[in-house]
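Data first, discussion second: the structure below is written as C-alpha cells.
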Amino acid sequence: QIGPVLTAELVKTLPPAPWIDPFQGTFADHVSVTLSHGYPIEDAEIRYSVDGGEVTRRSPLYSAPIEITSSTTLRTKTFVPGLAPSVDASHLYSKMPPPPPPPDVYLTDLTPLRATFVSHLTSRKDMSLADAPQSLAGKKYKRGLGSTSPSTVIYKLDPSYGAFVAMVGIDDSVLTLPRKSPYTEMASFHVYVKNEREELLLGESPMLVPGESWPINVKIPIACQEIRLVANGGMDWEFVNWANAGFLLDHTNEGGELLRKIGKAAPRLEGDSQ
C-alpha cells in the first residue's frame, strides 16, 4: 500500500547580512568594529566599506577587526558563490566632539514657555524621571533637565545668550531594567531656534542608545526669540536627560555672522505644541 505523497517547495534565499558589533555608535578616540555571522556559512565572505559607499565583490574582504577613528558610516554584505549578495547592513559611527563648558545660566533656573511630553509624564529639575540624580554613560550630573522621549520644551531667549550647551542621552537607570530590543531603546536630540521669520536647526545628536552620551555646544544667532529642545526616536518612550544644560553669555557679535551662514529653516515637527 502506498501512503500519501508529500510535497515541499524549496526556496533559495539570500545569505544573511553580517552582524555589526558594537551596536553603540559613538566613540571618543577610536572604536574597533567586528563583523560576523550568527552561524557558519560555507564559502561565505564578508566585504565592507568605511566611507558609506556601496559594497561590491571588489570591496575589502573582512579578516580582522576594523579600527575607526573618525565619523563614518560602515556598510557590509555577505557574499556566497552562486548566490546573490545579502542585503546591506550599515551602522553610523560618530566621533564625539569635546565636552562643552558648564553654562553661565542653567536651564533649570528658567521657566519654559511651553512643553509637550508623552503620556502623563512631565519633566524634573536637576533630577532624572527615575527620581534619582541624572546619570549618562556612567557620569552623574547635579544639574540638568530630566525629560522623556518624545518631548518638546521651549524657552525664551535673552539677547545676552551666546550659546546653548548640554550633555544629552538616555538616563543610565534604563540599564538596570529588563532589556528590550536595542532598536526600541533609542533617542536623538535636536536644538532649534526661532526668529521673526523662520525656525532654524542649530544642532543635533546622532541616535543614542543607553550607555551613550553626546555633547551639544551651539552658538545662537542674534535676533532669535525662542529655543526649542526636542527629544525623539526609537519605538518606545525613554527617560532622557539634558544634563548641565544652559546658556553661555556672549557679549560679542558672533551671532550675526552665524545667522548669515545658516541655511534654510527647519520644518516644525508634527504634533509639537504651538
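FYI, nothing fancy with the C-alpha cells labels: chains A, B, ... in order, residues from 1 per chain, ligands from 1 as they appear.
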Discussion item. For A:Lys12, find every residue with an atom within 12 Å (counting only C-alpha atoms), except residues of its own chain fewer than 4 positions away, and show them as an MDAnalysis selection string.
Written reply: chainID A and resid 82:84
Discussion item. Env of stretch 65-75 of chain A: 8 Å cut, atoms = only C-alpha atoms, seq-sep filter 6 positions within chain, self excluded. Answer as a list in words.
Written reply: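 Returned residues: Asp29, His30, Val31, Ser32, Val33, Thr34, Leu35, Tyr48, Ser49, Val50, Asp51, Gly52, Gly53, Glu54, Val55, Asp88, Ala89, Ser90, His91, Leu92, Tyr93, Ser94 and Lys95 of chain A.
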Sort by chain and increasing residue number a table of all residues of stretch 53-109 of chain A within 9 Å of stretch 144-165 of chain A, each with its closest pair of atoms and their distance in Å to one decimal, counting only C-alpha atoms, and write it as CSV.
```
residue,atom,partner,partner_atom,distance
A:Pro100,CA,A:Val165,CA,6.1
A:Pro101,CA,A:Val165,CA,7.4
A:Pro102,CA,A:Val165,CA,7.5
A:Pro103,CA,A:Val165,CA,6.6
A:Val105,CA,A:Tyr161,CA,8.6
A:Tyr106,CA,A:Gly144,CA,7.6
A:Leu107,CA,A:Gly144,CA,7.0
A:Thr108,CA,A:Leu145,CA,6.3
```
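For the pair atom CA of A:Met167 and atom CA of A:Asn217, the separation is 8.9 Å.
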Practice prompt. Work out how far apart atom CA of A:Thr56 and atom CA of A:Tyr39 are and give it in Å to one decimal.
Written response: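 Separation between atom CA of A:Thr56 and atom CA of A:Tyr39: 22.3 Å.
When atom CA of A:Ser59 is paired with atom CA of A:Ser205, their separation reads 29.8 Å.
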Return as CSV the residues of stretch 187-208 of chain A lying at most 7 Å from stretch 219-242 of chain A, together with the closest atom-to-atom pair for each and the distance in Å to one decimal, counting only C-alpha atoms, with rows in chain order and ascending residue number.
```
residue,atom,partner,partner_atom,distance
A:Ala187,CA,A:Gly233,CA,4.6
A:Ser188,CA,A:Asn232,CA,5.5
A:Phe189,CA,A:Ala231,CA,4.6
A:His190,CA,A:Val230,CA,5.1
A:Val191,CA,A:Leu229,CA,5.0
A:Tyr192,CA,A:Arg228,CA,5.0
A:Val193,CA,A:Ile227,CA,4.3
A:Lys194,CA,A:Glu226,CA,5.2
A:Asn195,CA,A:Cys224,CA,4.2
```
Discussion item. I'd like the contact shell of A:Pro97 - 10 Å cut-off, only C-alpha atoms, skipping same-chain residues fewer than 5 positions apart - returned as number ranges by chain.
Written reply: A: 27-28, 214-217
How about saving the chosen residues, N, CA, C and O atoms kept, as a compact mmCIF listing (two decimals), in the first residue's frame?
```txt
# COMPACT_ATOMS: atom_id res chain seq x y z
N PHE A 27 31.92 57.28 19.90
CA PHE A 27 33.21 56.94 20.49
C PHE A 27 34.01 58.22 20.69
O PHE A 27 33.79 59.23 20.02
N ALA A 28 34.95 58.16 21.65
CA ALA A 28 35.75 59.33 21.98
C ALA A 28 37.01 59.43 21.14
O ALA A 28 37.35 60.50 20.61
N TRP A 214 26.13 62.51 24.48
CA TRP A 214 26.59 63.33 23.36
C TRP A 214 26.65 64.79 23.79
O TRP A 214 25.71 65.31 24.39
N PRO A 215 27.78 65.49 23.51
CA PRO A 215 27.89 66.91 23.87
C PRO A 215 27.24 67.81 22.83
O PRO A 215 27.36 67.57 21.62
N ILE A 216 26.55 68.82 23.29
CA ILE A 216 25.97 69.84 22.42
C ILE A 216 26.53 71.19 22.82
O ILE A 216 26.52 71.56 24.00
N ASN A 217 27.03 71.93 21.84
CA ASN A 217 27.59 73.27 22.06
C ASN A 217 27.36 74.06 20.78
O ASN A 217 28.13 73.94 19.82
```
Worksheet entry | Secondary structure check, strand (DSSP E or B) residues of stretch 16-257 of chain A, as an MDAnalysis selection string | chainID A and resid 19:21 26:27 31:36 45:49 61 66:68 72:79 89:95 105:106 114:117 124:125 134:136 139:141 144:149 151:156 161:170 187:194 199:204 208 214:219 226:232 238:249
Worksheet entry | Residues near A:Leu61, cut-off 8 Å, only C-alpha atoms, skip fewer than 4 positions along chain, as a ChimeraX atom specification | /A:45-48
Discussion item. As a ChimeraX atom specification, please: every residue in stretch 26-251 of chain A that DSSP puts in helix (DSSP H, G or I).
Written reply: /A:107-109,172-176
Output C-alpha atoms for every residue in the selection just made, as a JSON list (two decimals), in the first residue's frame.
```json
[["chain", "number", "residue", "atom", "x", "y", "z"],
["A", 107, "LEU", "CA", 18.24, 75.77, 32.05],
["A", 108, "THR", "CA", 16.59, 74.60, 35.26],
["A", 109, "ASP", "CA", 16.80, 78.12, 36.70],
["A", 172, "ASP", "CA", 21.54, 55.20, 32.90],
["A", 173, "SER", "CA", 18.62, 53.94, 35.02],
["A", 174, "VAL", "CA", 17.42, 52.16, 31.85],
["A", 175, "LEU", "CA", 20.47, 49.87, 32.09],
["A", 176, "THR", "CA", 19.15, 48.37, 35.34]]
```
